[in-house]
file model-v8.tsv (TSV, C-alpha atoms)
chain	number	residue	atom	x	y	z
A	1	MET	CA	66.00	78.15	94.92
A	2	PRO	CA	65.44	75.80	96.63
A	3	VAL	CA	64.93	73.36	93.73
A	4	ILE	CA	68.48	73.88	92.52
A	5	LEU	CA	69.86	72.24	95.67
A	6	ASP	CA	68.28	68.88	94.80
A	7	GLN	CA	69.32	69.30	91.17
A	8	LEU	CA	72.95	69.87	92.18
A	9	HIS	CA	72.99	66.79	94.40
A	10	ARG	CA	71.47	64.58	91.68
A	11	LEU	CA	74.01	65.90	89.18
A	12	ALA	CA	76.89	65.15	91.55
A	13	ARG	CA	75.62	61.62	92.19
A	14	ARG	CA	75.12	60.94	88.49
A	15	HIS	CA	78.66	61.97	87.57
A	16	GLY	CA	80.46	60.73	90.67
A	17	TYR	CA	81.50	64.17	91.92
A	18	GLY	CA	83.00	64.25	95.41
A	19	LYS	CA	82.27	67.87	96.30
A	20	ILE	CA	79.71	70.54	95.43
A	21	CYS	CA	80.98	74.12	95.78
A	22	ALA	CA	78.73	77.15	96.14
A	23	LYS	CA	79.36	80.89	96.50
A	24	VAL	CA	76.21	82.31	98.08
A	25	GLN	CA	74.88	85.47	99.66
A	26	ALA	CA	74.50	85.59	103.42
A	27	THR	CA	70.71	85.51	103.01
A	28	ALA	CA	70.94	81.98	101.53
A	29	ARG	CA	73.37	80.59	104.07
A	30	GLY	CA	70.73	78.96	106.28
A	31	LEU	CA	69.06	77.11	103.42
A	32	PHE	CA	72.37	75.69	102.23
A	33	GLU	CA	73.31	74.61	105.76
A	34	ALA	CA	69.95	72.87	106.10
A	35	ASN	CA	70.81	70.90	102.95
A	36	GLY	CA	74.12	69.55	104.17
A	37	TYR	CA	76.51	72.33	103.17
A	38	ARG	CA	79.18	73.66	105.50
A	39	ILE	CA	80.89	77.05	105.49
A	40	GLU	CA	84.49	77.02	104.30
A	41	ALA	CA	85.09	80.76	103.98
A	42	ARG	CA	83.30	84.05	104.62
A	43	VAL	CA	84.14	87.12	102.53
A	44	PRO	CA	82.91	90.41	104.04
A	45	ASN	CA	80.89	92.70	101.76
A	46	LEU	CA	81.26	90.40	98.76
A	47	PHE	CA	77.80	91.13	97.35
A	48	ALA	CA	77.18	94.60	98.76
A	49	PRO	CA	78.13	96.73	101.76
A	50	ASP	CA	77.04	94.67	104.77
A	51	LEU	CA	76.08	91.68	102.58
A	52	ASP	CA	78.72	89.01	103.03
A	53	GLY	CA	79.44	86.09	100.74
A	54	PHE	CA	79.96	82.51	101.84
A	55	PHE	CA	81.94	79.78	100.12
A	56	MET	CA	80.09	76.62	101.09
A	57	ALA	CA	80.60	72.94	100.32
A	58	ARG	CA	78.62	69.74	100.39
A	59	PHE	CA	80.85	66.68	100.44
A	60	VAL	CA	79.06	63.98	98.49
A	61	ARG	CA	81.92	61.62	99.31
A	62	PRO	CA	82.92	62.17	102.97
A	63	GLU	CA	86.57	61.34	102.31
A	64	ARG	CA	86.77	64.38	100.03
A	65	GLY	CA	86.26	66.55	103.11
A	66	ARG	CA	89.33	65.19	104.90
A	67	GLU	CA	92.63	66.99	104.41
A	68	GLY	CA	95.20	64.55	103.07
A	69	HIS	CA	98.23	66.68	103.98
A	70	PRO	CA	97.45	68.16	107.41
A	71	GLU	CA	101.11	68.68	108.34
A	72	ALA	CA	101.82	70.69	105.17
A	73	VAL	CA	98.71	72.79	105.71
A	74	ALA	CA	99.70	73.43	109.34
A	75	ARG	CA	103.19	74.52	108.26
A	76	ALA	CA	101.74	76.89	105.65
A	77	LEU	CA	99.35	78.46	108.15
A	78	ALA	CA	102.16	78.86	110.68
A	79	LEU	CA	104.28	80.57	108.04
A	80	LEU	CA	101.47	82.94	107.12
A	81	ASP	CA	101.09	83.90	110.78
A	82	THR	CA	104.62	85.33	110.64
A	83	VAL	CA	104.00	87.47	107.53
A	84	ALA	CA	103.31	91.17	108.13
A	85	PRO	CA	101.56	93.52	105.68
A	86	ALA	CA	104.01	95.55	103.63
A	87	SER	CA	103.73	99.27	102.95
A	88	PRO	CA	103.62	101.60	101.18
A	89	ARG	CA	101.82	100.61	97.97
A	90	ARG	CA	104.30	99.03	95.55
A	91	SER	CA	105.16	100.74	92.29
A	92	PRO	CA	103.88	99.15	89.07
A	93	PRO	CA	106.36	96.83	87.37
A	94	ARG	CA	108.34	98.24	84.48
A	95	ASP	CA	106.85	97.20	81.12
A	96	MET	CA	103.48	96.33	82.70
A	97	THR	CA	100.66	96.41	80.18
A	98	ARG	CA	96.99	95.56	79.92
A	99	CYS	CA	96.61	92.46	77.77
A	100	HIS	CA	94.54	92.27	74.59
A	101	PRO	CA	93.17	89.35	72.55
A	102	THR	CA	96.22	89.51	70.29
A	103	ASP	CA	98.34	88.70	73.37
A	104	ALA	CA	96.49	85.42	74.03
A	105	PRO	CA	99.02	83.10	72.31
A	106	ALA	CA	101.93	84.59	74.29
A	107	MET	CA	99.93	84.37	77.54
A	108	ASN	CA	99.05	80.78	76.72
A	109	ALA	CA	102.75	79.94	76.35
A	110	LEU	CA	103.52	81.38	79.79
A	111	TYR	CA	100.72	79.44	81.51
A	112	ARG	CA	101.89	76.20	79.90
A	113	ARG	CA	105.37	76.72	81.34
A	114	VAL	CA	104.14	77.56	84.86
A	115	PHE	CA	101.31	75.07	85.58
A	116	ALA	CA	101.21	71.29	85.16
A	117	SER	CA	97.41	71.62	85.34
A	118	TYR	CA	94.98	74.45	85.97
A	119	PRO	CA	91.24	74.59	86.83
A	120	PHE	CA	90.45	76.67	83.72
A	121	PRO	CA	91.70	76.22	80.13
A	122	VAL	CA	94.26	79.02	80.21
A	123	TYR	CA	96.31	76.89	77.81
A	124	ASP	CA	93.78	77.73	75.09
A	125	PRO	CA	94.30	81.17	73.46
A	126	ALA	CA	90.65	81.17	72.33
A	127	TYR	CA	89.54	80.82	75.97
A	128	LEU	CA	91.75	83.72	77.07
A	129	ALA	CA	90.42	85.95	74.28
A	130	ALA	CA	86.83	84.95	75.10
A	131	THR	CA	87.21	85.84	78.79
A	132	MET	CA	88.59	89.24	77.81
A	133	ALA	CA	85.48	89.79	75.69
A	134	GLN	CA	83.40	88.91	78.76
A	135	GLY	CA	85.10	91.56	80.89
A	136	VAL	CA	88.00	89.75	82.55
A	137	VAL	CA	90.95	92.17	82.69
A	138	TYR	CA	94.46	90.74	82.27
A	139	PHE	CA	97.70	92.52	83.06
A	140	GLY	CA	101.15	91.31	82.09
A	141	VAL	CA	104.82	92.20	82.46
A	142	ARG	CA	107.05	91.93	79.41
A	143	ARG	CA	110.79	91.60	79.22
A	144	GLN	CA	112.42	91.70	75.79
A	145	GLY	CA	109.03	91.37	74.17
A	146	CYS	CA	107.92	88.23	76.06
A	147	PHE	CA	105.56	87.87	79.01
A	148	VAL	CA	107.31	86.92	82.25
A	149	ALA	CA	104.29	87.51	84.55
A	150	VAL	CA	100.52	87.63	84.06
A	151	ALA	CA	97.48	88.07	86.32
A	152	SER	CA	93.78	88.83	85.90
A	153	ALA	CA	90.81	90.44	87.61
A	154	GLU	CA	87.41	88.82	87.12
A	155	ILE	CA	85.13	91.80	87.72
A	156	ASP	CA	81.56	91.73	89.01
A	157	HIS	CA	80.41	95.30	88.43
A	158	CYS	CA	76.91	94.54	89.74
A	159	HIS	CA	78.26	93.72	93.22
A	160	ARG	CA	81.36	95.98	92.97
A	161	SER	CA	83.75	93.10	93.62
A	162	ALA	CA	86.44	91.22	91.73
A	163	GLU	CA	88.43	88.03	92.00
A	164	MET	CA	92.18	88.53	91.64
A	165	THR	CA	93.37	85.39	89.93
A	166	ASP	CA	95.43	83.61	87.26
A	167	PHE	CA	98.78	84.79	88.65
A	168	ALA	CA	101.73	83.22	86.87
A	169	VAL	CA	105.41	84.21	86.98
A	170	LEU	CA	108.13	82.40	85.04
A	171	PRO	CA	110.52	80.56	87.39
A	172	GLY	CA	113.52	82.64	86.36
A	173	TRP	CA	111.69	85.86	87.26
A	174	ARG	CA	110.45	84.92	90.72
A	175	GLY	CA	111.76	86.71	93.79
A	176	ARG	CA	111.43	90.14	92.15
A	177	GLN	CA	108.02	91.01	93.66
A	178	LEU	CA	106.36	90.97	90.24
A	179	ALA	CA	103.18	89.28	91.53
A	180	GLY	CA	102.80	91.75	94.41
A	181	ARG	CA	103.41	94.76	92.22
A	182	LEU	CA	100.95	93.47	89.61
A	183	LEU	CA	98.41	92.98	92.38
A	184	SER	CA	98.89	96.54	93.65
A	185	ALA	CA	98.51	97.99	90.15
A	186	MET	CA	95.35	95.95	89.56
A	187	GLU	CA	93.86	97.13	92.85
A	188	ALA	CA	94.48	100.75	91.88
A	189	GLU	CA	92.72	100.21	88.55
A	190	LEU	CA	89.72	98.51	90.19
A	191	ALA	CA	89.45	101.26	92.81
A	192	ARG	CA	89.30	103.81	89.97
A	193	GLN	CA	86.42	101.80	88.54
A	194	GLY	CA	84.53	102.05	91.84
A	195	LEU	CA	84.92	98.48	93.07
A	196	SER	CA	84.92	98.03	96.83
A	197	THR	CA	85.90	94.40	97.53
A	198	VAL	CA	88.55	92.12	96.05
A	199	PHE	CA	89.20	88.49	96.89
A	200	SER	CA	91.33	85.61	95.75
A	201	ILE	CA	91.64	81.84	96.04
A	202	ALA	CA	95.25	80.67	96.40
A	203	ARG	CA	97.04	77.37	96.89
A	204	LEU	CA	97.71	76.72	100.56
A	205	ARG	CA	100.37	73.99	100.52
A	206	ALA	CA	102.41	76.08	98.05
A	207	PRO	CA	101.94	79.35	99.95
A	208	ALA	CA	103.92	81.81	97.82
A	209	MET	CA	100.82	83.64	96.53
A	210	SER	CA	99.20	83.54	99.96
A	211	VAL	CA	102.29	85.34	101.27
A	212	VAL	CA	101.83	87.97	98.53
A	213	PHE	CA	98.19	88.52	99.55
A	214	LYS	CA	99.04	88.70	103.26
A	215	GLN	CA	101.77	91.27	102.54
A	216	ALA	CA	99.26	93.27	100.48
A	217	GLY	CA	96.89	93.59	103.44
A	218	TYR	CA	94.44	90.83	102.59
A	219	THR	CA	92.66	88.87	105.34
A	220	LEU	CA	92.47	85.08	105.41
A	221	CYS	CA	88.75	84.26	105.24
A	222	GLY	CA	88.92	80.46	105.39
A	223	CYS	CA	90.20	77.36	103.61
A	224	MET	CA	88.44	75.19	101.03
A	225	VAL	CA	89.41	71.54	101.53
A	226	ASN	CA	90.47	69.47	98.51
A	227	ASN	CA	88.92	72.06	96.25
A	228	THR	CA	90.90	72.83	93.11
A	229	GLN	CA	92.71	70.77	90.46
A	230	ILE	CA	95.98	72.65	90.04
A	231	GLY	CA	99.62	71.70	89.63
A	232	GLY	CA	98.69	68.11	88.79
A	233	THR	CA	96.56	67.34	91.86
A	234	ILE	CA	93.52	68.50	93.85
A	235	GLU	CA	94.62	70.96	96.53
A	236	THR	CA	93.20	72.83	99.51
A	237	MET	CA	92.84	76.54	98.79
A	238	ALA	CA	93.04	79.64	100.99
A	239	VAL	CA	90.45	82.41	100.47
A	240	TRP	CA	91.69	85.99	100.91
A	241	SER	CA	89.82	89.30	100.79
A	242	LYS	CA	90.43	93.03	101.06
A	243	GLY	CA	88.31	96.16	101.08
A	244	LEU	CA	89.52	98.79	98.63
A	245	PHE	CA	87.80	101.62	100.50
A	246	LYS	CA	87.98	102.07	104.24

call {"tool": "encode", "arguments": {"input": "model-v8.tsv", "output": "structure tokens"}}
result
Amino acid sequence: MPVILDQLHRLARRHGYGKICAKVQATARGLFEANGYRIEARVPNLFAPDLDGFFMARFVRPERGREGHPEAVARALALLDTVAPASPRRSPPRDMTRCHPTDAPAMNALYRRVFASYPFPVYDPAYLAATMAQGVVYFGVRRQGCFVAVASAEIDHCHRSAEMTDFAVLPGWRGRQLAGRLLSAMEAELARQGLSTVFSIARLRAPAMSVVFKQAGYTLCGCMVNNTQIGGTIETMAVWSKGLFK
């Protein structure tokens, strides 16, 4: 800092990128704003108690910053306004297990069936095994020996936070609260490890996971416009967060 800001912009220009995304500490917010970035979401206590995190964006191509489906986004936000947190904590799903590198091929098969495209190569068993080696924790639910639901927690032990991500449930197993119960079990495990903040980035126009997070007591922290290549297109994403300790 601050040299990296010019480097990022040159890189984006060279490769024709439309948007630069940054996750920064509150102490760097002003410098990013002075260099053309705008705040899209604010996550309380992301980096430490009383040290918030900001998801910020610089739109190299202005049209990338304009929502192409404003009516769908408005409908999703209106729906989320009607969702109330659910209690008490949900029981873990039957046959839930922590995943291991040997599970990567079966996990890969599930992700291929659920997503037309995804921002990370979850279709590659080697990638899944490598992320496990780097500390990403995956949990899955098996039925008759096959995975029907999977999710992960990308843990930052230094800042005592984690991203709850990579949720996938086979179509025939949806409507059984598997995602919400996986989320609750993952939160309990992270709390035991001493983490204090969890967050997630979920599709907004397909709000099923956002409903799960709202029911689980997460707070909507903002929306990232035209941010993530998922489901065959670039979509606007909702950012959710929750404190594990009150």

call {"tool": "closest_residue", "arguments": {"input": "model-v8.tsv", "among": "A:Cys223, A:Val137, A:Val198, A:Ile230", "to": "A:Gly65", "atoms": "only C-alpha atoms"}}
result
A:Cys223

call {"tool": "closest_residue", "arguments": {"input": "model-v8.tsv", "among": "A:Leu110, A:Ile155, A:Leu183, A:Val73", "to": "A:Pro92", "atoms": "all atoms listed in the file"}}
result
A:Leu183

call {"tool": "closest_residue", "arguments": {"input": "model-v8.tsv", "among": "A:Met209, A:Val141, A:Asn108, A:Phe147", "to": "A:Leu128", "atoms": "only C-alpha atoms"}}
result
A:Asn108

call {"tool": "residues_around", "arguments": {"input": "model-v8.tsv", "residues": "A:Met56", "least_positions_apart": "4", "cutoff": "6 Å", "atoms": "only C-alpha atoms", "output": "list in words"}}
result
Cys21, Ala22, Tyr37, Arg38, Ile39 and Glu40 of chain A

call {"tool": "residues_around", "arguments": {"input": "model-v8.tsv", "residues": "A:Ala151", "least_positions_apart": "5", "cutoff": "9 Å", "atoms": "all atoms listed in the file", "output": "compact mmCIF listing (two decimals) with C-alpha atoms, in the frame of the given file"}}
result
# COMPACT_ATOMS: atom_id res chain seq x y z
CA VAL A 137 90.95 92.17 82.69
CA TYR A 138 94.46 90.74 82.27
CA PHE A 139 97.70 92.52 83.06
CA GLY A 140 101.15 91.31 82.09
CA MET A 164 92.18 88.53 91.64
CA THR A 165 93.37 85.39 89.93
CA ASP A 166 95.43 83.61 87.26
CA PHE A 167 98.78 84.79 88.65
CA ALA A 168 101.73 83.22 86.87
CA VAL A 169 105.41 84.21 86.98
CA ALA A 179 103.18 89.28 91.53
CA LEU A 182 100.95 93.47 89.61
CA LEU A 183 98.41 92.98 92.38
CA MET A 186 95.35 95.95 89.56

call {"tool": "residues_around", "arguments": {"input": "model-v8.tsv", "residues": "A:Arg113", "least_positions_apart": "2", "cutoff": "12 Å", "atoms": "only C-alpha atoms", "output": "PyMOL selection string"}}
result
chain A and resi 106-111+115-118+122-123+147-149+168-172+231

call {"tool": "atom_distance", "arguments": {"input": "model-v8.tsv", "atom1": "atom CA of A:Gly217", "atom2": "atom CA of A:Asp81"}}
result
12.9 Å

call {"tool": "atom_distance", "arguments": {"input": "model-v8.tsv", "atom1": "atom CA of A:Ala185", "atom2": "atom CA of A:Ser161"}}
result
15.9 Å

call {"tool": "closest_residue", "arguments": {"input": "model-v8.tsv", "among": "A:Ala57, A:Ile20, A:Leu8, A:Leu80", "to": "A:Glu33", "atoms": "all atoms listed in the file"}}
result
A:Ala57

call {"tool": "atom_distance", "arguments": {"input": "model-v8.tsv", "atom1": "atom CA of A:Ala78", "atom2": "atom CA of A:Gly222"}}
result
14.3 Å

call {"tool": "axis_aligned_box", "arguments": {"input": "model-v8.tsv", "around": "stretch 46-63 of chain A", "padding_each_side": "3 Å", "output": "lines of an AutoDock Vina configuration file"}}
result
center_x = 81.3
center_y = 79.0
center_z = 101.1
size_x = 16.5
size_y = 41.4
size_z = 13.4

call {"tool": "closest_residue", "arguments": {"input": "model-v8.tsv", "among": "A:Pro119, A:Pro125, A:Pro44, A:Pro2", "to": "A:Asp103", "atoms": "only C-alpha atoms"}}
result
A:Pro125

call {"tool": "build_atoms", "arguments": {"input": "model-v8.tsv", "residues": "stretch 123-141 of chain A", "atoms": "N, CA, C and O atoms", "output": "PDB file, in the frame of the given file"}}
result
ATOM      1  N   TYR A 123      95.399  77.337  78.863  1.00  0.00           N
ATOM      2  CA  TYR A 123      96.310  76.890  77.810  1.00  0.00           C
ATOM      3  C   TYR A 123      95.729  77.145  76.422  1.00  0.00           C
ATOM      4  O   TYR A 123      96.414  76.951  75.423  1.00  0.00           O
ATOM      5  N   ASP A 124      94.475  77.541  76.362  1.00  0.00           N
ATOM      6  CA  ASP A 124      93.780  77.730  75.090  1.00  0.00           C
ATOM      7  C   ASP A 124      93.681  79.227  74.788  1.00  0.00           C
ATOM      8  O   ASP A 124      92.962  79.955  75.484  1.00  0.00           O
ATOM      9  N   PRO A 125      94.377  79.735  73.757  1.00  0.00           N
ATOM     10  CA  PRO A 125      94.300  81.170  73.460  1.00  0.00           C
ATOM     11  C   PRO A 125      92.880  81.638  73.189  1.00  0.00           C
ATOM     12  O   PRO A 125      92.531  82.777  73.532  1.00  0.00           O
ATOM     13  N   ALA A 126      92.035  80.787  72.602  1.00  0.00           N
ATOM     14  CA  ALA A 126      90.650  81.170  72.330  1.00  0.00           C
ATOM     15  C   ALA A 126      89.892  81.419  73.626  1.00  0.00           C
ATOM     16  O   ALA A 126      89.057  82.333  73.717  1.00  0.00           O
ATOM     17  N   TYR A 127      90.181  80.612  74.664  1.00  0.00           N
ATOM     18  CA  TYR A 127      89.540  80.820  75.970  1.00  0.00           C
ATOM     19  C   TYR A 127      89.975  82.156  76.568  1.00  0.00           C
ATOM     20  O   TYR A 127      89.140  82.927  77.070  1.00  0.00           O
ATOM     21  N   LEU A 128      91.258  82.454  76.521  1.00  0.00           N
ATOM     22  CA  LEU A 128      91.750  83.720  77.070  1.00  0.00           C
ATOM     23  C   LEU A 128      91.102  84.905  76.364  1.00  0.00           C
ATOM     24  O   LEU A 128      90.647  85.856  77.011  1.00  0.00           O
ATOM     25  N   ALA A 129      91.039  84.853  75.035  1.00  0.00           N
ATOM     26  CA  ALA A 129      90.420  85.950  74.280  1.00  0.00           C
ATOM     27  C   ALA A 129      88.938  86.066  74.610  1.00  0.00           C
ATOM     28  O   ALA A 129      88.403  87.180  74.729  1.00  0.00           O
ATOM     29  N   ALA A 130      88.259  84.924  74.789  1.00  0.00           N
ATOM     30  CA  ALA A 130      86.830  84.950  75.100  1.00  0.00           C
ATOM     31  C   ALA A 130      86.581  85.569  76.473  1.00  0.00           C
ATOM     32  O   ALA A 130      85.626  86.340  76.653  1.00  0.00           O
ATOM     33  N   THR A 131      87.410  85.257  77.455  1.00  0.00           N
ATOM     34  CA  THR A 131      87.210  85.840  78.790  1.00  0.00           C
ATOM     35  C   THR A 131      87.451  87.345  78.768  1.00  0.00           C
ATOM     36  O   THR A 131      86.781  88.098  79.478  1.00  0.00           O
ATOM     37  N   MET A 132      88.389  87.793  77.945  1.00  0.00           N
ATOM     38  CA  MET A 132      88.590  89.240  77.810  1.00  0.00           C
ATOM     39  C   MET A 132      87.332  89.900  77.247  1.00  0.00           C
ATOM     40  O   MET A 132      86.923  90.975  77.712  1.00  0.00           O
ATOM     41  N   ALA A 133      86.713  89.254  76.270  1.00  0.00           N
ATOM     42  CA  ALA A 133      85.480  89.790  75.690  1.00  0.00           C
ATOM     43  C   ALA A 133      84.356  89.842  76.709  1.00  0.00           C
ATOM     44  O   ALA A 133      83.441  90.666  76.603  1.00  0.00           O
ATOM     45  N   GLN A 134      84.434  88.958  77.720  1.00  0.00           N
ATOM     46  CA  GLN A 134      83.400  88.910  78.760  1.00  0.00           C
ATOM     47  C   GLN A 134      83.713  89.823  79.939  1.00  0.00           C
ATOM     48  O   GLN A 134      82.975  89.832  80.926  1.00  0.00           O
ATOM     49  N   GLY A 135      84.809  90.569  79.856  1.00  0.00           N
ATOM     50  CA  GLY A 135      85.100  91.560  80.890  1.00  0.00           C
ATOM     51  C   GLY A 135      86.210  91.224  81.851  1.00  0.00           C
ATOM     52  O   GLY A 135      86.513  92.018  82.756  1.00  0.00           O
ATOM     53  N   VAL A 136      86.846  90.056  81.701  1.00  0.00           N
ATOM     54  CA  VAL A 136      88.000  89.750  82.550  1.00  0.00           C
ATOM     55  C   VAL A 136      89.180  90.600  82.074  1.00  0.00           C
ATOM     56  O   VAL A 136      89.471  90.666  80.879  1.00  0.00           O
ATOM     57  N   VAL A 137      89.842  91.261  83.012  1.00  0.00           N
ATOM     58  CA  VAL A 137      90.950  92.170  82.690  1.00  0.00           C
ATOM     59  C   VAL A 137      92.261  91.474  83.041  1.00  0.00           C
ATOM     60  O   VAL A 137      92.464  91.048  84.176  1.00  0.00           O
ATOM     61  N   TYR A 138      93.142  91.346  82.070  1.00  0.00           N
ATOM     62  CA  TYR A 138      94.460  90.740  82.270  1.00  0.00           C
ATOM     63  C   TYR A 138      95.536  91.815  82.205  1.00  0.00           C
ATOM     64  O   TYR A 138      95.474  92.723  81.373  1.00  0.00           O
ATOM     65  N   PHE A 139      96.526  91.665  83.081  1.00  0.00           N
ATOM     66  CA  PHE A 139      97.700  92.520  83.060  1.00  0.00           C
ATOM     67  C   PHE A 139      98.936  91.623  82.945  1.00  0.00           C
ATOM     68  O   PHE A 139      98.972  90.525  83.509  1.00  0.00           O
ATOM     69  N   GLY A 140      99.936  92.084  82.234  1.00  0.00           N
ATOM     70  CA  GLY A 140     101.150  91.310  82.090  1.00  0.00           C
ATOM     71  C   GLY A 140     102.385  92.175  82.186  1.00  0.00           C
ATOM     72  O   GLY A 140     102.330  93.401  82.043  1.00  0.00           O
ATOM     73  N   VAL A 141     103.520  91.533  82.433  1.00  0.00           N
ATOM     74  CA  VAL A 141     104.820  92.200  82.460  1.00  0.00           C
ATOM     75  C   VAL A 141     105.675  91.568  81.376  1.00  0.00           C
ATOM     76  O   VAL A 141     105.829  90.339  81.330  1.00  0.00           O
TER      77      VAL A 141
END
